[in-house]
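S.K.: My structure is stored as target13.tsv, with TSV, C-alpha atoms.
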chain	number	residue	atom	x	y	z
A	1	MET	CA	39.55	13.68	12.11
A	2	ILE	CA	37.58	11.59	9.62
A	3	ARG	CA	35.87	13.85	7.12
A	4	SER	CA	33.70	11.49	5.07
A	5	ARG	CA	31.39	12.27	2.20
A	6	ALA	CA	28.59	11.28	4.58
A	7	VAL	CA	29.42	14.18	6.89
A	8	ARG	CA	29.67	16.58	3.96
A	9	ALA	CA	26.37	15.45	2.48
A	10	ARG	CA	24.56	15.79	5.77
A	11	ALA	CA	26.00	19.24	6.39
A	12	GLY	CA	24.93	20.42	2.97
A	13	LEU	CA	21.36	19.22	3.27
A	14	ALA	CA	21.09	20.62	6.78
A	15	LEU	CA	21.71	24.09	5.39
A	16	LEU	CA	18.99	23.63	2.80
A	17	LEU	CA	16.48	22.35	5.33
A	18	SER	CA	17.26	24.63	8.25
A	19	GLY	CA	14.75	27.26	7.21
A	20	ALA	CA	12.03	24.74	6.43
A	21	LEU	CA	11.77	22.81	9.69
A	22	LEU	CA	8.52	23.12	11.56
A	23	ALA	CA	8.48	24.70	15.00
A	24	GLY	CA	7.21	22.99	18.15
A	25	CYS	CA	8.15	20.13	20.40
A	26	GLY	CA	9.75	18.06	17.64
A	27	LEU	CA	6.92	15.55	17.18
A	28	THR	CA	5.76	17.08	13.91
A	29	SER	CA	9.11	18.24	12.56
A	30	GLY	CA	12.30	16.58	11.51
A	31	SER	CA	14.76	16.22	8.68
A	32	PRO	CA	16.00	13.24	6.69
A	33	MET	CA	19.31	11.71	7.70
A	34	VAL	CA	21.46	11.69	4.58
A	35	ASP	CA	24.62	9.89	5.67
A	36	ASP	CA	26.05	8.18	2.59
A	37	VAL	CA	26.99	5.01	4.45
A	38	ARG	CA	27.25	1.36	3.47
A	39	PRO	CA	27.06	-1.75	5.64
A	40	GLY	CA	30.11	-2.62	7.67
A	41	THR	CA	29.72	-5.17	10.42
A	42	VAL	CA	26.09	-4.05	10.73
A	43	GLY	CA	23.49	-3.86	7.99
A	44	LYS	CA	24.95	-6.61	5.80
A	45	GLY	CA	22.47	-7.62	3.14
A	46	ARG	CA	20.58	-4.36	3.83
A	47	PRO	CA	17.76	-6.06	5.76
A	48	LEU	CA	15.90	-2.75	6.19
A	49	GLU	CA	15.84	-1.95	2.46
A	50	GLY	CA	12.75	0.13	1.75
A	51	ALA	CA	11.93	0.76	5.41
A	52	LYS	CA	10.98	4.25	6.54
A	53	LEU	CA	11.96	4.79	10.18
A	54	THR	CA	11.82	7.78	12.50
A	55	VAL	CA	14.47	8.05	15.21
A	56	THR	CA	14.08	10.26	18.27
A	57	SER	CA	16.02	11.24	21.38
A	58	LYS	CA	16.04	13.67	24.26
A	59	GLU	CA	17.94	16.94	23.93
A	60	PHE	CA	21.13	16.39	25.96
A	61	THR	CA	24.52	15.47	24.53
A	62	GLU	CA	24.55	11.72	25.12
A	63	GLN	CA	21.04	11.30	23.74
A	64	LEU	CA	21.85	13.29	20.60
A	65	VAL	CA	24.87	11.06	19.95
A	66	LEU	CA	22.92	7.85	20.60
A	67	GLY	CA	20.07	8.98	18.38
A	68	ALA	CA	22.51	9.65	15.56
A	69	ILE	CA	24.19	6.27	16.07
A	70	MET	CA	20.84	4.51	15.76
A	71	GLY	CA	19.84	6.44	12.66
A	72	ILE	CA	23.18	5.83	10.94
A	73	ALA	CA	22.86	2.08	11.61
A	74	PHE	CA	19.38	2.02	10.09
A	75	GLN	CA	20.62	3.86	7.01
A	76	ALA	CA	23.46	1.40	6.50
A	77	ALA	CA	20.88	-1.39	6.64
A	78	GLY	CA	18.92	0.25	3.82
A	79	ALA	CA	16.30	2.34	5.62
A	80	SER	CA	15.26	5.92	4.96
A	81	VAL	CA	15.52	7.69	8.32
A	82	LEU	CA	13.73	10.76	9.60
A	83	ASP	CA	15.68	12.56	12.32
A	84	ARG	CA	13.51	13.77	15.20
A	85	THR	CA	16.25	13.76	17.81
A	86	GLY	CA	16.59	16.49	20.42
A	87	ILE	CA	13.06	16.56	21.85
A	88	GLN	CA	12.94	18.67	25.01
A	89	GLY	CA	12.39	16.67	28.19
A	90	SER	CA	12.20	12.93	28.74
A	91	ILE	CA	8.46	12.49	28.36
A	92	GLY	CA	8.23	13.96	24.85
A	93	ALA	CA	10.60	11.46	23.28
A	94	ARG	CA	9.08	8.58	25.21
A	95	GLU	CA	5.56	9.52	24.10
A	96	ALA	CA	6.72	9.80	20.50
A	97	VAL	CA	7.80	6.15	20.53
A	98	LYS	CA	4.73	5.05	22.48
A	99	SER	CA	2.32	6.75	20.09
A	100	GLY	CA	4.14	5.74	16.92
A	101	ASP	CA	5.16	9.30	16.00
A	102	ALA	CA	8.68	7.87	16.25
A	103	ASP	CA	9.79	4.28	15.83
A	104	ALA	CA	12.83	3.98	18.06
A	105	MET	CA	15.23	5.59	20.51
A	106	TYR	CA	17.87	4.69	23.07
A	107	GLU	CA	16.28	5.00	26.53
A	108	TYR	CA	17.41	4.34	30.11
A	109	THR	CA	15.97	1.47	32.15
A	110	GLY	CA	15.91	3.44	35.41
A	111	THR	CA	14.11	6.36	33.80
A	112	SER	CA	11.39	4.10	32.47
A	113	TRP	CA	11.04	2.11	35.69
A	114	ILE	CA	10.83	5.11	38.00
A	115	THR	CA	9.66	8.08	35.91
A	116	TYR	CA	7.35	6.49	33.35
A	117	LEU	CA	6.15	3.33	35.09
A	118	GLY	CA	5.78	4.96	38.50
A	119	ASN	CA	7.88	2.67	40.69
A	120	SER	CA	9.63	4.11	43.72
A	121	GLU	CA	12.17	1.36	44.37
A	122	PRO	CA	14.84	0.59	41.77
A	123	ILE	CA	15.93	-2.99	41.11
A	124	VAL	CA	19.56	-3.57	42.09
A	125	ASP	CA	20.48	-6.12	39.42
A	126	PRO	CA	20.82	-4.38	36.02
A	127	GLN	CA	19.53	-7.35	34.04
A	128	GLU	CA	16.53	-7.80	36.33
A	129	GLN	CA	15.82	-4.07	36.08
A	130	TRP	CA	15.77	-4.32	32.28
A	131	GLU	CA	13.60	-7.44	32.32
A	132	ALA	CA	11.09	-5.75	34.62
A	133	VAL	CA	10.90	-2.71	32.34
A	134	ARG	CA	10.57	-4.87	29.23
A	135	LYS	CA	7.72	-6.85	30.76
A	136	ALA	CA	5.86	-3.78	32.05
A	137	ASP	CA	6.18	-1.80	28.82
A	138	LYS	CA	4.65	-4.51	26.63
A	139	ALA	CA	1.23	-3.15	27.57
A	140	ASN	CA	2.32	0.29	26.32
A	141	GLY	CA	3.16	-0.96	22.84
A	142	ILE	CA	6.90	-0.65	23.48
A	143	THR	CA	9.49	-3.38	23.06
A	144	TRP	CA	12.87	-3.15	24.79
A	145	LEU	CA	15.87	-4.76	23.12
A	146	PRO	CA	18.83	-6.03	25.21
A	147	PRO	CA	20.69	-3.34	27.19
A	148	ALA	CA	24.19	-1.94	26.97
A	149	ARG	CA	26.73	-1.82	29.77
A	150	LEU	CA	26.49	1.97	29.50
A	151	ASN	CA	24.95	3.05	32.81
A	152	ASN	CA	24.37	6.79	33.09
A	153	THR	CA	23.56	7.08	36.77
A	154	TYR	CA	24.43	9.37	39.68
A	155	ALA	CA	27.80	9.09	41.41
A	156	LEU	CA	30.24	10.99	43.59
A	157	ALA	CA	33.63	11.83	42.15
A	158	VAL	CA	36.94	13.26	43.39
A	159	ASN	CA	39.82	15.11	41.80
A	160	PRO	CA	43.33	13.55	41.75
A	161	ALA	CA	44.56	15.54	44.77
A	162	THR	CA	41.68	14.45	47.01
A	163	GLU	CA	41.94	10.86	45.86
A	164	LYS	CA	45.65	10.82	46.66
A	165	LYS	CA	45.22	12.56	50.02
A	166	TYR	CA	42.52	10.27	51.39
A	167	GLY	CA	42.94	7.14	49.31
A	168	ILE	CA	39.18	6.92	48.89
A	169	LYS	CA	37.74	4.52	46.32
A	170	ASN	CA	34.10	4.04	47.35
A	171	LEU	CA	31.15	5.65	49.14
A	172	SER	CA	31.58	3.57	52.30
A	173	GLN	CA	34.99	5.20	52.73
A	174	VAL	CA	33.40	8.62	52.26
A	175	ALA	CA	30.98	7.75	55.08
A	176	GLU	CA	33.88	6.70	57.30
A	177	LEU	CA	35.73	9.94	56.56
A	178	SER	CA	32.61	12.00	57.34
A	179	LYS	CA	32.51	10.47	60.81
A	180	ARG	CA	36.25	10.62	61.42
A	181	ASP	CA	36.80	14.12	60.05
A	182	PRO	CA	33.47	15.86	59.28
A	183	GLY	CA	35.14	18.96	57.88
A	184	ALA	CA	36.91	16.90	55.22
A	185	VAL	CA	33.70	15.98	53.42
A	186	THR	CA	32.29	18.91	51.47
A	187	LEU	CA	29.93	18.31	48.56
A	188	CYS	CA	29.14	20.18	45.34
A	189	VAL	CA	25.73	19.08	44.08
A	190	GLU	CA	22.81	20.19	41.94
A	191	SER	CA	19.77	21.44	43.87
A	192	GLU	CA	17.63	18.56	42.59
A	193	PHE	CA	20.17	15.95	43.74
A	194	ALA	CA	20.19	17.57	47.20
A	195	SER	CA	16.47	16.86	47.65
A	196	ARG	CA	15.79	13.64	45.69
A	197	GLN	CA	15.40	10.40	47.60
A	198	ASP	CA	17.53	8.70	44.94
A	199	GLY	CA	20.06	11.49	45.52
A	200	LEU	CA	21.75	12.96	48.59
A	201	PRO	CA	19.14	12.19	51.32
A	202	GLY	CA	18.85	8.55	50.32
A	203	MET	CA	22.60	8.18	49.84
A	204	GLN	CA	23.31	9.53	53.32
A	205	LYS	CA	20.76	7.18	54.83
A	206	LYS	CA	22.05	4.13	52.94
A	207	TYR	CA	25.69	4.76	53.88
A	208	GLY	CA	25.18	6.21	57.34
A	209	MET	CA	26.63	9.58	56.38
A	210	ASN	CA	25.93	12.66	58.45
A	211	ILE	CA	27.09	15.58	56.35
A	212	PRO	CA	26.14	18.99	57.79
A	213	ALA	CA	24.02	21.19	55.54
A	214	SER	CA	26.76	23.83	55.75
A	215	ASN	CA	29.09	21.36	53.97
A	216	VAL	CA	26.74	20.96	50.99
A	217	ARG	CA	27.14	23.56	48.23
A	218	LYS	CA	24.32	23.68	45.68
A	219	MET	CA	25.07	24.90	42.17
A	220	ASP	CA	24.42	24.37	38.49
A	221	GLY	CA	25.46	20.95	37.21
A	222	GLY	CA	28.14	22.31	34.90
A	223	ILE	CA	29.74	24.32	37.68
A	224	VAL	CA	29.94	21.20	39.87
A	225	TYR	CA	32.57	19.73	37.55
A	226	THR	CA	34.79	22.82	37.44
A	227	GLU	CA	34.56	23.44	41.19
A	228	LEU	CA	35.30	19.79	41.95
A	229	SER	CA	38.26	19.80	39.58
A	230	SER	CA	39.75	22.91	41.18
A	231	GLY	CA	38.98	21.82	44.74
A	232	ARG	CA	37.92	25.36	45.63
A	233	SER	CA	34.43	24.59	46.92
A	234	CYS	CA	34.31	20.89	47.61
A	235	THR	CA	36.21	17.67	48.04
A	236	PHE	CA	33.47	15.52	46.49
A	237	GLY	CA	30.96	16.26	43.76
A	238	GLU	CA	27.84	14.80	42.20
A	239	VAL	CA	28.41	13.62	38.62
A	240	TYR	CA	26.74	11.52	35.95
A	241	THR	CA	28.82	8.45	35.27
A	242	THR	CA	29.04	8.89	31.49
A	243	ASP	CA	29.68	12.64	31.45
A	244	GLY	CA	32.57	13.55	29.16
A	245	ARG	CA	33.95	16.05	31.65
A	246	ILE	CA	34.93	13.22	34.00
A	247	LYS	CA	37.68	12.11	31.64
A	248	ALA	CA	38.57	15.61	30.48
A	249	LEU	CA	39.08	16.87	34.05
A	250	HIS	CA	40.78	13.68	35.28
A	251	LEU	CA	38.12	12.98	37.90
A	252	THR	CA	37.65	9.59	39.53
A	253	VAL	CA	34.16	8.14	40.03
A	254	LEU	CA	33.77	6.49	43.42
A	255	ASP	CA	32.33	2.99	43.59
A	256	ASP	CA	28.74	2.76	44.83
A	257	ASP	CA	29.66	-0.34	46.84
A	258	LYS	CA	26.22	-0.73	48.45
A	259	ASN	CA	24.41	-0.36	45.11
A	260	PHE	CA	22.31	2.61	46.19
A	261	PHE	CA	21.94	4.53	42.94
A	262	PRO	CA	19.43	3.15	40.40
A	263	ASN	CA	20.65	1.48	37.22
A	264	TYR	CA	20.22	3.67	34.16
A	265	ASN	CA	21.45	1.24	31.51
A	266	VAL	CA	20.69	2.36	27.99
A	267	ALA	CA	18.78	0.07	25.63
A	268	PRO	CA	16.89	0.40	22.34
A	269	GLU	CA	13.22	1.18	22.94
A	270	ILE	CA	11.16	0.26	19.86
A	271	ASN	CA	7.53	0.86	18.98
A	272	THR	CA	6.15	-2.69	18.86
A	273	LYS	CA	4.20	-2.17	15.63
A	274	ALA	CA	7.34	-0.87	13.93
A	275	LEU	CA	9.26	-3.91	15.16
A	276	GLU	CA	6.60	-6.24	13.79
A	277	LYS	CA	6.80	-4.48	10.43
A	278	TYR	CA	10.62	-4.45	10.39
A	279	PRO	CA	11.80	-7.52	12.37
A	280	ALA	CA	15.43	-6.98	11.31
A	281	ILE	CA	15.81	-4.01	13.67
A	282	PRO	CA	17.23	-6.07	16.59
A	283	GLU	CA	19.98	-7.67	14.50
A	284	VAL	CA	21.02	-4.26	13.16
A	285	LEU	CA	21.32	-2.66	16.61
A	286	ALA	CA	22.63	-5.61	18.67
A	287	PRO	CA	26.39	-5.29	17.90
A	288	ILE	CA	26.33	-1.54	18.52
A	289	THR	CA	24.45	-1.79	21.82
A	290	ALA	CA	26.82	-4.54	22.98
A	291	LYS	CA	29.79	-2.23	22.38
A	292	LEU	CA	28.48	0.76	24.32
A	293	ASP	CA	29.90	1.24	27.83
A	294	ASN	CA	30.69	4.13	30.16
A	295	ALA	CA	34.21	4.66	28.83
A	296	ILE	CA	32.99	4.99	25.25
A	297	ALA	CA	30.14	7.27	26.33
A	298	GLN	CA	32.55	9.52	28.24
A	299	GLU	CA	34.81	9.75	25.18
A	300	LEU	CA	32.00	10.58	22.76
A	301	ASN	CA	30.29	12.97	25.18
A	302	SER	CA	33.59	14.76	25.77
A	303	LYS	CA	34.03	15.42	22.07
A	304	VAL	CA	30.71	17.24	22.06
A	305	ALA	CA	30.56	18.88	25.49
A	306	VAL	CA	34.25	19.70	25.91
A	307	GLN	CA	35.62	20.00	22.35
A	308	GLY	CA	32.48	21.47	20.82
A	309	GLN	CA	32.06	18.96	18.00
A	310	ASP	CA	28.72	18.22	16.32
A	311	PRO	CA	26.95	15.21	17.94
A	312	HIS	CA	26.03	13.63	14.60
A	313	THR	CA	29.58	13.97	13.31
A	314	VAL	CA	30.93	12.39	16.50
A	315	ALA	CA	28.49	9.49	16.14
A	316	LEU	CA	29.33	8.93	12.48
A	317	GLU	CA	33.09	9.04	13.01
A	318	TRP	CA	32.78	6.48	15.83
A	319	MET	CA	30.61	4.18	13.68
A	320	LEU	CA	33.18	4.39	10.88
A	321	ALA	CA	36.16	3.88	13.20
A	322	GLU	CA	34.53	0.81	14.77
A	323	GLY	CA	33.78	-0.63	11.36
A	324	PHE	CA	30.05	-0.76	11.97
A	325	VAL	CA	29.51	1.19	8.73
A	326	LYS	CA	31.59	2.21	5.73
A	327	ASP	CA	31.53	5.41	3.69
Would you kindly transcribe this structure into structure tokens?
M.R.:
Amino acid sequence: MIRSRAVRARAGLALLLSGALLAGCGLTSGSPMVDDVRPGTVGKGRPLEGAKLTVTSKEFTEQLVLGAIMGIAFQAAGASVLDRTGIQGSIGAREAVKSGDADAMYEYTGTSWITYLGNSEPIVDPQEQWEAVRKADKANGITWLPPARLNNTYALAVNPATEKKYGIKNLSQVAELSKRDPGAVTLCVESEFASRQDGLPGMQKKYGMNIPASNVRKMDGGIVYTELSSGRSCTFGEVYTTDGRIKALHLTVLDDDKNFFPNYNVAPEINTKALEKYPAIPEVLAPITAKLDNAIAQELNSKVAVQGQDPHTVALEWMLAEGFVKD
């Protein structure tokens, strides 16, 4: 494991600041990022020298890692960065960027299109989905930079034994199996997924599935992965496509061959006034965003969720290993 002076410096300051952080939702608290990093393939010429930027994120694993990645990139480019990652709930982080309490975060196109902008129908093409969000959010003082391939959306997955037994690769084949052998299709899902129109009800309608309610087992999201892996409760399970447990448990994500699930591609969401003040932000983030995909997200998420590593450390070690920054 890389153990850079940047990690050590951050850990030391975190101990000093831990008792001084303000309580609350995270909008009025934060701590400086103190990663002692230099430009690698990003930040050359330190185009953000003298900038003061605040980075935010939601509170779950992937968001904590992405928030750290963004902050580390800004530091390498010369900026002083305030860390306000880990805000509870989606709306808090979004509102921080919108209001200017934070300058930037990595956000998901589907979340913005459906949750924030109030649309009920997702756009099938990922690029068109991003363009629609970018256009709509201009009025909110938010600028979206180009998206990553990383698409953290819903999916069904199978364990190796089920995949081998049925040879299933996509959701259309699950639908066929549910008609041919109804007892073979049992699902482990979260309660919310079982009732959302962009979840189980809509999926069944889109694919012509008819899965009896008795074959649907509702449980906590974390338990879904362990039950699916063991095969005790279900043959298929609801997962998020970038979850680190997919790789750790050797699960296979089934192809959504009719493009039912919304696109949740991640992209930098920047407060427009901050972007006008610091126009070098896009060039700093572009190479990093272009590199992010589901496989990388699964690997980084697994290090946190499965191995118990610190999200910021995981982000920094990846940035160093990729050559984006140097210590």
S.K.: I'd like the neighbourhood of Val239 (chain A) as a PyMOL selection string, where a residue qualifies if any of its atoms comes within 7 Å (using all atoms listed in the file), though same-chain residues fewer than 5 positions away should be ignored.
M.R.: chain A and resi 154-157
S.K.: Work out how far apart CA of Arg46 (chain A) and CA of Ala68 (chain A) are and give it in Å to one decimal.
M.R.: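 CA of Arg46 (chain A) sits 18.4 Å away from CA of Ala68 (chain A).
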S.K.: List as an MDAnalysis selection string the residues having at least one atom at most 8 Å from position (14.0, 9.1, 16.0) as given in the file, counting all atoms listed in the file.
M.R.: chainID A and resid 53:57 67 71 81:85 102:105
S.K.: Please determine, counting only C-alpha atoms, which residue among A:Thr235, A:Asn301, A:Thr111, A:Gln307 has the shortest atom-to-atom distance to Ile168 (chain A).
M.R.: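 Smallest distance to Ile168 (chain A) is found for A:Thr235.
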S.K.: Closest to Val284 (chain A) among A:Lys247, A:Lys218, A:Lys44, A:Lys52, using only C-alpha atoms?
M.R.: A:Lys44
S.K.: Point out the residue among A:Pro279, A:Gly199, A:Gly244, A:Pro146 with the least atom-to-atom distance to Val306 (chain A), counting only C-alpha atoms.
M.R.: A:Gly244
S.K.: Taking all atoms listed in the file into account, name the residue in A:Lys206, A:Leu316, A:Thr41, A:Gly141 that is nearest to Ala96 (chain A).
M.R.: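 That would be A:Gly141, the residue with the smallest distance to Ala96 (chain A).
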S.K.: For region 151-232 of chain A versus region 255-268 of chain A, which residues have an atom no more than 12 Å away, and what is each residue's nearest atom pair and distance in Å rounded to one decimal, using all atoms listed in the file, chain-then-number order, as a Markdown table?
M.R.:
| residue | atom | partner | partner_atom | distance |
| --- | --- | --- | --- | --- |
| A:Asn151 | CA | A:Asn265 | CA | 4.1 |
| A:Asn152 | CA | A:Tyr264 | CA | 5.3 |
| A:Thr153 | CA | A:Tyr264 | CA | 5.4 |
| A:Tyr154 | CA | A:Phe261 | CA | 6.3 |
| A:Ala155 | CA | A:Asp256 | CA | 7.3 |
| A:Leu156 | CA | A:Asp255 | CA | 8.3 |
| A:Ala157 | CA | A:Asp255 | CA | 9.1 |
| A:Val158 | CA | A:Asp255 | CA | 11.3 |
| A:Ile168 | CA | A:Asp255 | CA | 9.5 |
| A:Lys169 | CA | A:Asp255 | CA | 6.2 |
| A:Asn170 | CA | A:Asp255 | CA | 4.3 |
| A:Leu171 | CA | A:Asp256 | CA | 5.7 |
| A:Ser172 | CA | A:Asp257 | CA | 7.0 |
| A:Gln173 | CA | A:Asp257 | CA | 9.7 |
| A:Val174 | CA | A:Asp255 | CA | 10.4 |
| A:Ala175 | CA | A:Asp256 | CA | 11.6 |
| A:Phe193 | CA | A:Phe261 | CA | 11.6 |
| A:Arg196 | CA | A:Phe261 | CA | 11.3 |
| A:Gln197 | CA | A:Phe261 | CA | 9.9 |
| A:Asp198 | CA | A:Phe261 | CA | 6.4 |
| A:Gly199 | CA | A:Phe261 | CA | 7.7 |
| A:Leu200 | CA | A:Phe261 | CA | 10.2 |
| A:Pro201 | CA | A:Phe260 | CA | 11.3 |
| A:Gly202 | CA | A:Phe260 | CA | 8.0 |
| A:Met203 | CA | A:Phe260 | CA | 6.7 |
| A:Gln204 | CA | A:Phe260 | CA | 10.0 |
| A:Lys205 | CA | A:Phe260 | CA | 9.9 |
| A:Lys206 | CA | A:Phe260 | CA | 6.9 |
| A:Tyr207 | CA | A:Lys258 | CA | 7.7 |
| A:Gly208 | CA | A:Lys258 | CA | 11.3 |
S.K.: With all atoms listed in the file as the counted atoms, please give the residues lying no more than 10 Å from Ala286 (chain A), apart from itself and same-chain residues fewer than 3 positions off, as a list in words.
M.R.: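 Surrounding residues, per the criterion: Val42, Leu145, Pro146, Pro147, Ala148, Ala267, Pro268, Ile281, Pro282, Glu283, Thr289, Ala290 and Lys291 of chain A.
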S.K.: How many Å separate CA of Trp113 (chain A) from CA of Asp137 (chain A)?
M.R.: 9.3 Å
S.K.: Which residue gives the smallest distance to Gln127 (chain A) among A:Lys326, A:Gly110, A:Pro47, A:Ala77, with all atoms listed in the file counted?
M.R.: A:Gly110
S.K.: Show which residues sit within 12 Å of Thr162 (chain A), as a PyMOL selection string. Count only C-alpha atoms, and ignore same-chain residues fewer than 2 positions away.
M.R.: chain A and resi 157-160+164-169+174+184-186+228-232+234-237+250-252+254
S.K.: Hey, can you spit out that residue selection with C-alpha atoms as a PDB file, in the frame of the given file?
M.R.:
ATOM      1  CA  ALA A 157      33.630  11.830  42.150  1.00  0.00           C
ATOM      2  CA  VAL A 158      36.940  13.260  43.390  1.00  0.00           C
ATOM      3  CA  ASN A 159      39.820  15.110  41.800  1.00  0.00           C
ATOM      4  CA  PRO A 160      43.330  13.550  41.750  1.00  0.00           C
ATOM      5  CA  LYS A 164      45.650  10.820  46.660  1.00  0.00           C
ATOM      6  CA  LYS A 165      45.220  12.560  50.020  1.00  0.00           C
ATOM      7  CA  TYR A 166      42.520  10.270  51.390  1.00  0.00           C
ATOM      8  CA  GLY A 167      42.940   7.140  49.310  1.00  0.00           C
ATOM      9  CA  ILE A 168      39.180   6.920  48.890  1.00  0.00           C
ATOM     10  CA  LYS A 169      37.740   4.520  46.320  1.00  0.00           C
ATOM     11  CA  VAL A 174      33.400   8.620  52.260  1.00  0.00           C
ATOM     12  CA  ALA A 184      36.910  16.900  55.220  1.00  0.00           C
ATOM     13  CA  VAL A 185      33.700  15.980  53.420  1.00  0.00           C
ATOM     14  CA  THR A 186      32.290  18.910  51.470  1.00  0.00           C
ATOM     15  CA  LEU A 228      35.300  19.790  41.950  1.00  0.00           C
ATOM     16  CA  SER A 229      38.260  19.800  39.580  1.00  0.00           C
ATOM     17  CA  SER A 230      39.750  22.910  41.180  1.00  0.00           C
ATOM     18  CA  GLY A 231      38.980  21.820  44.740  1.00  0.00           C
ATOM     19  CA  ARG A 232      37.920  25.360  45.630  1.00  0.00           C
ATOM     20  CA  CYS A 234      34.310  20.890  47.610  1.00  0.00           C
ATOM     21  CA  THR A 235      36.210  17.670  48.040  1.00  0.00           C
ATOM     22  CA  PHE A 236      33.470  15.520  46.490  1.00  0.00           C
ATOM     23  CA  GLY A 237      30.960  16.260  43.760  1.00  0.00           C
ATOM     24  CA  HIS A 250      40.780  13.680  35.280  1.00  0.00           C
ATOM     25  CA  LEU A 251      38.120  12.980  37.900  1.00  0.00           C
ATOM     26  CA  THR A 252      37.650   9.590  39.530  1.00  0.00           C
ATOM     27  CA  LEU A 254      33.770   6.490  43.420  1.00  0.00           C
TER      28      LEU A 254
END
S.K.: In Å, rounded to a single decimal, give me how far CA of Gly30 (chain A) is from CA of Lys58 (chain A).
M.R.: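 Separation of CA of Lys58 (chain A) and CA of Gly30 (chain A): 13.6 Å.
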S.K.: Which residue is closest to Asp35 (chain A)? Choose from A:Ala51, A:Val224, A:Ala73, A:Ala132 and count all atoms listed in the file.
M.R.: A:Ala73
S.K.: Residues around (28.9, 15.7, 57.2), cut-off 9 Å, counting only C-alpha atoms - what are they as a list of chain:residue names?
M.R.: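 Residues close enough to count: A:Ala175, A:Leu177, A:Ser178, A:Lys179, A:Asp181, A:Pro182, A:Gly183, A:Ala184, A:Val185, A:Thr186, A:Met209, A:Asn210, A:Ile211, A:Pro212, A:Ala213, A:Ser214, A:Asn215, A:Val216.
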S.K.: Might you pull out every residue within 12 Å of Thr61 (chain A), with all atoms listed in the file counted and same-chain residues fewer than 3 positions away left off, and present them as a VMD selection string?
M.R.: chain A and resid 57 to 58 64 to 68 85 to 87 242 to 245 297 to 306 308 to 312 314 to 315
S.K.: Missing atoms in region 265-280 of chain A: can you complete it with N, CA and C atoms, as a PDB file, in the frame of the given file?
M.R.:
ATOM      1  N   ASN A 265      20.848   1.821  32.713  1.00  0.00           N
ATOM      2  CA  ASN A 265      21.450   1.240  31.510  1.00  0.00           C
ATOM      3  C   ASN A 265      20.648   1.639  30.283  1.00  0.00           C
ATOM      4  N   VAL A 266      21.357   1.951  29.215  1.00  0.00           N
ATOM      5  CA  VAL A 266      20.690   2.360  27.990  1.00  0.00           C
ATOM      6  C   VAL A 266      20.363   1.128  27.144  1.00  0.00           C
ATOM      7  N   ALA A 267      19.213   1.176  26.484  1.00  0.00           N
ATOM      8  CA  ALA A 267      18.780   0.070  25.630  1.00  0.00           C
ATOM      9  C   ALA A 267      17.868   0.620  24.538  1.00  0.00           C
ATOM     10  N   PRO A 268      17.818  -0.044  23.392  1.00  0.00           N
ATOM     11  CA  PRO A 268      16.890   0.400  22.340  1.00  0.00           C
ATOM     12  C   PRO A 268      15.441   0.170  22.784  1.00  0.00           C
ATOM     13  N   GLU A 269      14.647   1.215  22.636  1.00  0.00           N
ATOM     14  CA  GLU A 269      13.220   1.180  22.940  1.00  0.00           C
ATOM     15  C   GLU A 269      12.499   1.338  21.605  1.00  0.00           C
ATOM     16  N   ILE A 270      11.733   0.310  21.198  1.00  0.00           N
ATOM     17  CA  ILE A 270      11.160   0.260  19.860  1.00  0.00           C
ATOM     18  C   ILE A 270       9.641   0.215  19.932  1.00  0.00           C
ATOM     19  N   ASN A 271       8.983   0.993  19.101  1.00  0.00           N
ATOM     20  CA  ASN A 271       7.530   0.860  18.980  1.00  0.00           C
ATOM     21  C   ASN A 271       7.231  -0.543  18.461  1.00  0.00           C
ATOM     22  N   THR A 272       6.380  -1.280  19.168  1.00  0.00           N
ATOM     23  CA  THR A 272       6.150  -2.690  18.860  1.00  0.00           C
ATOM     24  C   THR A 272       5.611  -2.897  17.452  1.00  0.00           C
ATOM     25  N   LYS A 273       4.734  -2.032  16.987  1.00  0.00           N
ATOM     26  CA  LYS A 273       4.200  -2.170  15.630  1.00  0.00           C
ATOM     27  C   LYS A 273       5.303  -1.994  14.588  1.00  0.00           C
ATOM     28  N   ALA A 274       6.215  -1.063  14.844  1.00  0.00           N
ATOM     29  CA  ALA A 274       7.340  -0.870  13.930  1.00  0.00           C
ATOM     30  C   ALA A 274       8.232  -2.103  13.911  1.00  0.00           C
ATOM     31  N   LEU A 275       8.429  -2.705  15.064  1.00  0.00           N
ATOM     32  CA  LEU A 275       9.260  -3.910  15.160  1.00  0.00           C
ATOM     33  C   LEU A 275       8.620  -5.072  14.418  1.00  0.00           C
ATOM     34  N   GLU A 276       7.300  -5.182  14.516  1.00  0.00           N
ATOM     35  CA  GLU A 276       6.600  -6.240  13.790  1.00  0.00           C
ATOM     36  C   GLU A 276       6.707  -6.038  12.278  1.00  0.00           C
ATOM     37  N   LYS A 277       6.702  -4.791  11.863  1.00  0.00           N
ATOM     38  CA  LYS A 277       6.800  -4.480  10.430  1.00  0.00           C
ATOM     39  C   LYS A 277       8.215  -4.673   9.915  1.00  0.00           C
ATOM     40  N   TYR A 278       9.210  -4.364  10.794  1.00  0.00           N
ATOM     41  CA  TYR A 278      10.620  -4.450  10.390  1.00  0.00           C
ATOM     42  C   TYR A 278      11.373  -5.311  11.415  1.00  0.00           C
ATOM     43  N   PRO A 279      11.215  -6.625  11.351  1.00  0.00           N
ATOM     44  CA  PRO A 279      11.800  -7.520  12.370  1.00  0.00           C
ATOM     45  C   PRO A 279      13.320  -7.589  12.353  1.00  0.00           C
ATOM     46  N   ALA A 280      13.961  -6.959  11.362  1.00  0.00           N
ATOM     47  CA  ALA A 280      15.430  -6.980  11.310  1.00  0.00           C
ATOM     48  C   ALA A 280      16.061  -5.942  12.226  1.00  0.00           C
TER      49      ALA A 280
END
